[in-house]
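Before any comments, here is the structure.
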Amino acid sequence: MIHDAEEIEQSSVTDRVFDVCIVGSGPAGITLALALAGKGRHVGLFEAGGLQYDSQSQILYEGSSVGQDYFPLTATRLRQFGGTSGHWSGWCYHLDDIDFRPRVGTPYGDWPLEKSDLDPYREATFRTLDLEYPETITPYLNRASSDFESFLFRKSLPTRFAEKYGEELRESRNIETYFNANLVDIRLHENLEAIHHLKFRSYDRQSPFAVKARYYVLCLGGLENPRALLNANSQISGGVGNENDVVGRFFCEHPHVKVADALLDRIPRETRFFKPTASFIREHDVGNFSVQVRPAGVSLGEKQETGLRNKLKSLVCSSSLMTRLATSLRNRSIECVDGQAEITLVTEQAPNPESRVTLGEEQDIFGLRKLELNWQLSEIDFDTLRIGTLGFGSVMANQELGRIKLVDWLQDRSQDRRVSLSEISGGHHHMCTTRMGRSSNSSVVDGSCRVHSIDNLYLGGSSVFATAGWANPTYTIVQLAFRLSDHLNERLRRG
Amino acid sequence: MRPIYFVWAKVPPVNLRRRLFVKLMTSTALLAGVPGLAAVASRESVCRSDSKNCVLFRGWVLKRDDLERLGYGPNDS
């Protein structure tokens, strides 16, 4: 059933105890809810926004950004049923094996998991995200390289979770979904080692209502998970799970950077994707990354304005007849570029404790402090960009695929880094802010996604990533949600 | 690099393009008022594990062969 928290009899919620209370109805929350319901567990799913976009909800994502330039915090995610899947672009790839391993860029600890721990959820993740088998890829490199390999970057429809799973949630006997339900506090037992209940408020009603469950999972996203924990400071001054001042630290994005132009001998018809081998990453002590070779006229759909212009140009240049026609219409020649391509790197950001989410002084309508984002890149992130570009350019040259020319700011390694900051954008991927690890000194949750210091509190979504890899996070978010459903089901079974 | 791209577009056969590539690089250097190798700005070895013969030349990642065809010796800097 789906309920509006503004219209329910509050006792219908407060008088019961769910097996699991999930807060947030994005890909992590909905995947987890459906998986648990499929195992016969009773789930309460709480969404702060409405069933559709609503500015009164979205505005609660307001906050400030004080570090590296970042997208407006109200635009980089969606506060509504289905969460940010509502404007997700759909790109999917798994974290690589090396992402889980200790490396030079992981002095704060690596994953307490291995890739093989997530692989069993591949098929279920493919179904959830509408991804297709089989894997076929046309080789682009002339011969195998020990440094780089091609890969198939999968694209979801993209799956809009509210549309695809709304009816199933409405029909489910095991899931009670509440929208317009804003988490306003996390109340602990007196020993401060477990949650007693969560407090929610709708927009109209002044009085909050309590929700009890055996286990609680926050799936609020990489920015709101830490914000919720930090704001829950009525019993623990630093916030829940924040005994070691780790909550909110290690904020990672995926820097997206145009690094070079290219002249190619063979122009691919569509964007081709490459990634470094593990040996390349280890040999050069850089982060993981992917390389996109995007021929002129092809857009990934992320830069719509440029994409439209390029598509028109591509159409005009697609045949000599079209070119002549356009030339006569414009009364001057059309410059059809042959062999031009852009090289873009999407890189892993090394975990950096100074890159973080904190609470600002301003409060929202519920009295919760708004977040302040301080996105900071490290020296290794710039090394990854430069060494990765040079390495890929070398393979292109050696295999006679073409030659690349680095963008100006990347040519001089001594150049003031502030110049380059304006060339770097993110991917709207918010990760690692409640990272997973073995030690509570450098992580917030353990390998099962449980908050170290709170027995019945779990976190879902990309905030638990220990490292970010380069891959878009949704695929891994869904894998982790399935894995968490198995874990919670087992705990519930054991009583 | 617009001049290069423009000329490039007018040379359809791939093998001819390859040969012209080096010439284009030369002409770009001359157009930029660079009289000789001593004035060429950035020369950095970018040798990688499977590419022992690449250099960064005026922002381009080139094979040393490319430079030899331009008339520059391997020890020039």
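Within each chain, counting starts at residue 1; across the structure tokens, chains are named A, B, ... in the order shown, with ligands numbered 1 upward in that order.
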
**Prompt:** Counting only C-alpha atoms, what is within 8 Å of His42 (chain A), bar same-chain residues fewer than 3 positions away, as a ChimeraX atom specification?
**Reply:** /A:18-20,36-37,174-175

Print the selection's residues with all heavy atoms to a file, as a PDB file, in the first residue's frame.
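Output file again26.pdb is given in full below:
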```pdb
ATOM      1  N   PHE A  18       7.707  -2.634  12.362  1.00  0.00           N
ATOM      2  CA  PHE A  18       8.105  -3.250  11.093  1.00  0.00           C
ATOM      3  C   PHE A  18       9.315  -4.165  11.312  1.00  0.00           C
ATOM      4  O   PHE A  18      10.094  -3.978  12.248  1.00  0.00           O
ATOM      5  CB  PHE A  18       8.484  -2.161  10.082  1.00  0.00           C
ATOM      6  CG  PHE A  18       7.347  -1.277   9.658  1.00  0.00           C
ATOM      7  CD1 PHE A  18       7.201  -0.004  10.206  1.00  0.00           C
ATOM      8  CD2 PHE A  18       6.421  -1.706   8.711  1.00  0.00           C
ATOM      9  CE1 PHE A  18       6.157   0.822   9.814  1.00  0.00           C
ATOM     10  CE2 PHE A  18       5.373  -0.886   8.316  1.00  0.00           C
ATOM     11  CZ  PHE A  18       5.234   0.377   8.868  1.00  0.00           C
ATOM     12  N   ASP A  19       9.477  -5.127  10.427  1.00  0.00           N
ATOM     13  CA  ASP A  19      10.742  -5.873  10.431  1.00  0.00           C
ATOM     14  C   ASP A  19      11.885  -4.908  10.092  1.00  0.00           C
ATOM     15  O   ASP A  19      12.913  -4.889  10.754  1.00  0.00           O
ATOM     16  CB  ASP A  19      10.707  -7.011   9.404  1.00  0.00           C
ATOM     17  CG  ASP A  19       9.815  -8.159   9.852  1.00  0.00           C
ATOM     18  OD1 ASP A  19       9.666  -8.341  11.081  1.00  0.00           O
ATOM     19  OD2 ASP A  19       9.260  -8.865   8.980  1.00  0.00           O
ATOM     20  N   VAL A  20      11.662  -4.162   9.031  1.00  0.00           N
ATOM     21  CA  VAL A  20      12.696  -3.214   8.594  1.00  0.00           C
ATOM     22  C   VAL A  20      12.033  -1.897   8.208  1.00  0.00           C
ATOM     23  O   VAL A  20      11.038  -1.892   7.474  1.00  0.00           O
ATOM     24  CB  VAL A  20      13.491  -3.755   7.381  1.00  0.00           C
ATOM     25  CG1 VAL A  20      14.576  -2.765   6.968  1.00  0.00           C
ATOM     26  CG2 VAL A  20      14.114  -5.114   7.687  1.00  0.00           C
ATOM     27  N   LEU A  36      13.320  -7.569   0.343  1.00  0.00           N
ATOM     28  CA  LEU A  36      12.919  -8.058   1.669  1.00  0.00           C
ATOM     29  C   LEU A  36      11.473  -8.554   1.656  1.00  0.00           C
ATOM     30  O   LEU A  36      11.144  -9.588   2.260  1.00  0.00           O
ATOM     31  CB  LEU A  36      13.087  -6.952   2.715  1.00  0.00           C
ATOM     32  CG  LEU A  36      14.527  -6.657   3.131  1.00  0.00           C
ATOM     33  CD1 LEU A  36      14.605  -5.339   3.912  1.00  0.00           C
ATOM     34  CD2 LEU A  36      15.087  -7.800   3.991  1.00  0.00           C
ATOM     35  N   ALA A  37      10.613  -7.816   0.967  1.00  0.00           N
ATOM     36  CA  ALA A  37       9.208  -8.238   0.886  1.00  0.00           C
ATOM     37  C   ALA A  37       9.098  -9.591   0.199  1.00  0.00           C
ATOM     38  O   ALA A  37       8.266 -10.433   0.568  1.00  0.00           O
ATOM     39  CB  ALA A  37       8.392  -7.188   0.127  1.00  0.00           C
ATOM     40  N   ASN A 174       3.379  -6.776   1.831  1.00  0.00           N
ATOM     41  CA  ASN A 174       4.455  -6.752   2.827  1.00  0.00           C
ATOM     42  C   ASN A 174       5.127  -5.389   2.961  1.00  0.00           C
ATOM     43  O   ASN A 174       6.011  -5.216   3.789  1.00  0.00           O
ATOM     44  CB  ASN A 174       5.525  -7.796   2.484  1.00  0.00           C
ATOM     45  CG  ASN A 174       5.028  -9.207   2.741  1.00  0.00           C
ATOM     46  OD1 ASN A 174       4.069  -9.399   3.491  1.00  0.00           O
ATOM     47  ND2 ASN A 174       5.658 -10.179   2.125  1.00  0.00           N
ATOM     48  N   ILE A 175       4.772  -4.458   2.091  1.00  0.00           N
ATOM     49  CA  ILE A 175       5.408  -3.136   2.133  1.00  0.00           C
ATOM     50  C   ILE A 175       4.357  -2.052   2.336  1.00  0.00           C
ATOM     51  O   ILE A 175       3.373  -1.990   1.596  1.00  0.00           O
ATOM     52  CB  ILE A 175       6.180  -2.839   0.824  1.00  0.00           C
ATOM     53  CG1 ILE A 175       7.211  -3.933   0.531  1.00  0.00           C
ATOM     54  CG2 ILE A 175       6.886  -1.478   0.914  1.00  0.00           C
ATOM     55  CD1 ILE A 175       7.897  -3.783  -0.819  1.00  0.00           C
TER      56      ILE A 175
END
```

All residues 12 Å or closer to Leu51 (chain A), only C-alpha atoms, same chain fewer than 6 positions away omitted, as a short mmCIF file (atom, residue, chain, number, x, y, z; two decimals) with N, CA and C atoms, in the first residue's frame:
```cif
data_model
loop_
_atom_site.label_atom_id
_atom_site.label_comp_id
_atom_site.auth_asym_id
_atom_site.auth_seq_id
_atom_site.Cartn_x
_atom_site.Cartn_y
_atom_site.Cartn_z
N ILE A 2 0.35 2.31 -0.58
CA ILE A 2 1.06 3.59 -0.56
C ILE A 2 0.18 4.62 0.14
N HIS A 3 0.75 5.30 1.12
CA HIS A 3 -0.03 6.24 1.94
C HIS A 3 0.61 7.63 1.88
N ASP A 4 -0.24 8.64 1.99
CA ASP A 4 0.23 10.01 2.15
C ASP A 4 0.36 10.28 3.66
N ALA A 5 1.55 10.59 4.10
CA ALA A 5 1.77 10.78 5.55
C ALA A 5 0.97 11.95 6.10
N SER A 25 13.33 6.39 -0.96
CA SER A 25 12.75 5.47 -1.96
C SER A 25 13.44 5.61 -3.31
N GLY A 26 14.75 5.79 -3.29
CA GLY A 26 15.52 5.77 -4.53
C GLY A 26 15.85 4.33 -4.91
N SER A 57 9.25 20.13 -1.42
CA SER A 57 10.17 19.09 -0.97
C SER A 57 11.57 19.35 -1.51
N LEU A 78 17.11 14.26 -6.72
CA LEU A 78 15.67 14.49 -6.68
C LEU A 78 15.09 13.99 -5.37
N ARG A 79 14.28 14.84 -4.75
CA ARG A 79 13.67 14.50 -3.46
C ARG A 79 12.21 14.14 -3.70
N GLN A 80 11.98 12.95 -4.19
CA GLN A 80 10.62 12.51 -4.52
C GLN A 80 10.61 10.99 -4.60
N PHE A 81 9.41 10.42 -4.70
CA PHE A 81 9.26 8.98 -4.83
C PHE A 81 10.07 8.50 -6.05
N GLY A 82 10.90 7.49 -5.84
CA GLY A 82 11.80 7.04 -6.91
C GLY A 82 13.17 7.67 -6.83
N GLY A 83 13.26 8.73 -6.04
CA GLY A 83 14.56 9.37 -5.82
C GLY A 83 15.19 9.87 -7.11
N GLY A 86 14.76 9.41 -11.05
CA GLY A 86 13.86 10.21 -11.88
C GLY A 86 14.56 11.04 -12.93
N PHE A 161 12.52 4.32 -11.20
CA PHE A 161 12.05 3.39 -10.17
C PHE A 161 10.60 3.65 -9.77
N ALA A 162 10.18 4.91 -9.75
CA ALA A 162 8.80 5.21 -9.37
C ALA A 162 7.83 4.63 -10.39
N GLU A 163 8.18 4.76 -11.67
CA GLU A 163 7.30 4.26 -12.71
C GLU A 163 7.31 2.74 -12.77
N GLY A 166 6.29 1.35 -8.95
CA GLY A 166 5.21 1.98 -8.18
C GLY A 166 4.03 1.04 -7.98
N ARG A 170 2.49 -0.56 -4.58
CA ARG A 170 1.09 -0.30 -4.23
C ARG A 170 0.36 -1.61 -3.92
N THR A 177 4.23 1.86 2.10
CA THR A 177 5.02 2.99 1.62
C THR A 177 4.33 4.30 2.04
N TYR A 178 5.11 5.19 2.60
CA TYR A 178 4.57 6.49 3.04
C TYR A 178 5.35 7.60 2.34
N PHE A 179 4.65 8.48 1.66
CA PHE A 179 5.33 9.64 1.09
C PHE A 179 4.98 10.89 1.92
N ASN A 180 5.68 11.97 1.66
CA ASN A 180 5.58 13.19 2.48
C ASN A 180 5.99 12.93 3.92
N ALA A 181 6.86 11.96 4.13
CA ALA A 181 7.31 11.60 5.48
C ALA A 181 8.79 11.96 5.62
#
```

**Request:** Would you give me, as a count of residues only, the residues of chain A that come within 10 Å of chain B, using only C-alpha atoms?
**Result:** 45

**Prompt:** What's the 10 Å shell around Leu377 (chain A), counting only C-alpha atoms, without same-chain residues fewer than 2 positions away, as a PyMOL selection string?
**Reply:** chain A and resi 67-68+251-253+255+349-352+354-355+374-375+379-382+421

**Request:** Return as number ranges by chain the full set of residues in region 53-157 of chain A whose backbone-based DSSP assignment is alpha helix (DSSP H).
**Result:** A: 55-58, 115-118, 122-128

Preceding selection exported with C-alpha atoms as a CSV table (one decimal), in the first residue's frame:
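The result, written out as result_35.csv:
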```
chain,number,residue,atom,x,y,z
A,55,SER,CA,9.2,22.3,-5.0
A,56,GLN,CA,8.2,22.3,-1.3
A,57,SER,CA,10.2,19.1,-1.0
A,58,GLN,CA,13.0,19.8,-3.4
A,115,LYS,CA,34.2,-7.9,-6.1
A,116,SER,CA,33.2,-11.6,-5.8
A,117,ASP,CA,31.0,-10.7,-2.9
A,118,LEU,CA,28.8,-8.6,-5.2
A,122,ARG,CA,24.7,-9.5,-11.1
A,123,GLU,CA,21.6,-11.1,-12.6
A,124,ALA,CA,19.2,-9.5,-10.2
A,125,THR,CA,20.8,-6.2,-10.7
A,126,PHE,CA,20.5,-6.6,-14.5
A,127,ARG,CA,16.8,-7.3,-14.1
A,128,THR,CA,16.2,-4.4,-11.8
```

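Reported to one decimal place, the separation of CA of Glu193 (chain A) from CA of Ser453 (chain A) is 6.2 Å.
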
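Residues in contact with Gln235 (chain A) at up to 9 Å, not including ones fewer than 6 positions away on its chain and judged by only C-alpha atoms, are Arg187, Leu188, Glu190 and Leu192 of chain A.
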
**Which of region 97-265 of chain A DSSP labels strand (DSSP E or B), written as number ranges by chain** = A: 148-150, 154-155, 175-179, 182-188, 195-201, 209-218, 252, 256-264

**Message:** Give me the residues near Thr84 (chain A) as number ranges by chain, where near means some atom within 12 Å (using only C-alpha atoms) and where sequence neighbours in that chain fewer than 5 positions away do not count.
**Reply:** A: 24-30, 49, 52-53, 58, 74-79, 89-90, 158-162, 219-222, 428-430, 461, 473-474

Write to file, as a short mmCIF file (atom, residue, chain, number, x, y, z; two decimals), in the first residue's frame, the residues of the selection just made, with N, CA, C and O atoms.
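As a result, result_3.cif now contains:
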```cif
data_model
loop_
_atom_site.label_atom_id
_atom_site.label_comp_id
_atom_site.auth_asym_id
_atom_site.auth_seq_id
_atom_site.Cartn_x
_atom_site.Cartn_y
_atom_site.Cartn_z
N GLY A 24 13.92 6.50 2.48
CA GLY A 24 14.42 6.87 1.16
C GLY A 24 13.95 5.87 0.12
O GLY A 24 14.14 4.66 0.29
N SER A 25 13.33 6.39 -0.96
CA SER A 25 12.75 5.47 -1.96
C SER A 25 13.44 5.61 -3.31
O SER A 25 12.81 5.55 -4.35
N GLY A 26 14.75 5.79 -3.29
CA GLY A 26 15.52 5.77 -4.53
C GLY A 26 15.85 4.33 -4.91
O GLY A 26 15.27 3.38 -4.37
N PRO A 27 16.80 4.15 -5.83
CA PRO A 27 17.17 2.79 -6.24
C PRO A 27 17.57 1.88 -5.08
O PRO A 27 17.18 0.71 -5.05
N ALA A 28 18.29 2.39 -4.09
CA ALA A 28 18.70 1.55 -2.96
C ALA A 28 17.48 1.16 -2.14
O ALA A 28 17.27 -0.02 -1.82
N GLY A 29 16.66 2.14 -1.77
CA GLY A 29 15.52 1.88 -0.89
C GLY A 29 14.48 0.97 -1.51
O GLY A 29 14.01 0.02 -0.87
N ILE A 30 14.13 1.23 -2.75
CA ILE A 30 13.09 0.40 -3.40
C ILE A 30 13.61 -1.01 -3.67
O ILE A 30 12.89 -2.00 -3.44
N GLY A 49 9.70 13.10 -0.06
CA GLY A 49 9.04 13.87 -1.10
C GLY A 49 7.66 13.31 -1.42
O GLY A 49 7.17 12.40 -0.77
N GLN A 52 5.23 12.86 -7.02
CA GLN A 52 5.79 13.58 -8.16
C GLN A 52 6.73 14.67 -7.62
O GLN A 52 6.78 14.92 -6.43
N TYR A 53 7.40 15.34 -8.56
CA TYR A 53 8.26 16.46 -8.18
C TYR A 53 7.42 17.53 -7.49
O TYR A 53 6.33 17.87 -7.94
N GLN A 58 11.65 19.63 -2.80
CA GLN A 58 12.97 19.76 -3.45
C GLN A 58 13.81 20.86 -2.81
O GLN A 58 15.02 20.74 -2.70
N THR A 74 20.33 21.58 -5.09
CA THR A 74 18.92 21.27 -5.35
C THR A 74 18.73 20.66 -6.74
O THR A 74 17.64 20.19 -7.06
N ALA A 75 19.78 20.69 -7.56
CA ALA A 75 19.63 20.18 -8.93
C ALA A 75 20.32 18.85 -9.16
O ALA A 75 20.05 18.17 -10.15
N THR A 76 21.18 18.46 -8.25
CA THR A 76 22.02 17.29 -8.49
C THR A 76 21.39 16.00 -7.97
O THR A 76 22.00 14.95 -8.02
N ARG A 77 20.18 16.08 -7.46
CA ARG A 77 19.45 14.90 -6.97
C ARG A 77 17.97 15.25 -6.92
O ARG A 77 17.61 16.43 -7.03
N LEU A 78 17.11 14.26 -6.72
CA LEU A 78 15.67 14.49 -6.68
C LEU A 78 15.09 13.99 -5.37
O LEU A 78 15.35 12.86 -4.96
N ARG A 79 14.28 14.84 -4.75
CA ARG A 79 13.67 14.50 -3.46
C ARG A 79 12.21 14.14 -3.70
O ARG A 79 11.30 14.94 -3.48
N SER A 89 20.75 9.19 -15.88
CA SER A 89 21.03 9.03 -17.32
C SER A 89 21.10 7.56 -17.73
O SER A 89 21.01 7.24 -18.91
N GLY A 90 21.35 6.66 -16.78
CA GLY A 90 21.24 5.23 -17.11
C GLY A 90 22.54 4.48 -17.33
O GLY A 90 22.51 3.29 -17.61
N PRO A 158 16.71 4.79 -19.25
CA PRO A 158 17.02 4.36 -17.91
C PRO A 158 15.77 3.99 -17.09
O PRO A 158 14.68 4.52 -17.34
N THR A 159 15.95 3.12 -16.16
CA THR A 159 14.87 2.68 -15.30
C THR A 159 14.45 3.80 -14.36
O THR A 159 15.29 4.32 -13.62
N ARG A 160 13.20 4.21 -14.42
CA ARG A 160 12.65 5.16 -13.45
C ARG A 160 11.95 4.33 -12.37
O ARG A 160 10.92 3.70 -12.63
N PHE A 161 12.52 4.32 -11.20
CA PHE A 161 12.05 3.39 -10.17
C PHE A 161 10.60 3.65 -9.77
O PHE A 161 9.86 2.71 -9.47
N ALA A 162 10.18 4.91 -9.75
CA ALA A 162 8.80 5.21 -9.37
C ALA A 162 7.83 4.63 -10.39
O ALA A 162 6.79 4.07 -10.04
N CYS A 219 18.54 5.20 3.34
CA CYS A 219 18.92 5.17 1.92
C CYS A 219 18.64 6.54 1.33
O CYS A 219 17.85 6.69 0.40
N LEU A 220 19.27 7.54 1.88
CA LEU A 220 18.93 8.93 1.55
C LEU A 220 19.86 9.55 0.53
O LEU A 220 19.68 10.71 0.16
N GLY A 221 20.87 8.81 0.10
CA GLY A 221 21.82 9.37 -0.86
C GLY A 221 23.12 9.78 -0.19
O GLY A 221 23.21 9.87 1.04
N GLY A 222 24.12 10.03 -1.02
CA GLY A 222 25.47 10.30 -0.52
C GLY A 222 25.62 11.62 0.21
O GLY A 222 26.61 11.82 0.93
N HIS A 428 27.48 14.14 -10.86
CA HIS A 428 26.31 14.06 -9.97
C HIS A 428 26.35 12.77 -9.16
O HIS A 428 25.32 12.20 -8.84
N HIS A 429 27.53 12.30 -8.85
CA HIS A 429 27.70 11.07 -8.09
C HIS A 429 28.25 11.43 -6.71
O HIS A 429 29.36 11.98 -6.62
N HIS A 430 27.48 11.13 -5.68
CA HIS A 430 27.88 11.53 -4.32
C HIS A 430 28.21 10.27 -3.54
O HIS A 430 27.32 9.47 -3.25
N GLY A 461 23.10 2.70 -0.31
CA GLY A 461 23.45 3.70 -1.32
C GLY A 461 24.94 3.94 -1.41
O GLY A 461 25.75 3.29 -0.74
N PRO A 473 27.63 5.00 -10.15
CA PRO A 473 27.40 4.21 -8.93
C PRO A 473 26.12 3.39 -8.86
O PRO A 473 26.01 2.50 -8.03
N THR A 474 25.13 3.68 -9.71
CA THR A 474 23.81 3.05 -9.49
C THR A 474 23.88 1.53 -9.53
O THR A 474 23.23 0.84 -8.74
#
```

**Request:** Give me, please, the distance in Å between CA of Asp99 (chain A) and CA of Leu459 (chain A), quoted to one decimal.
**Result:** 20.3 Å
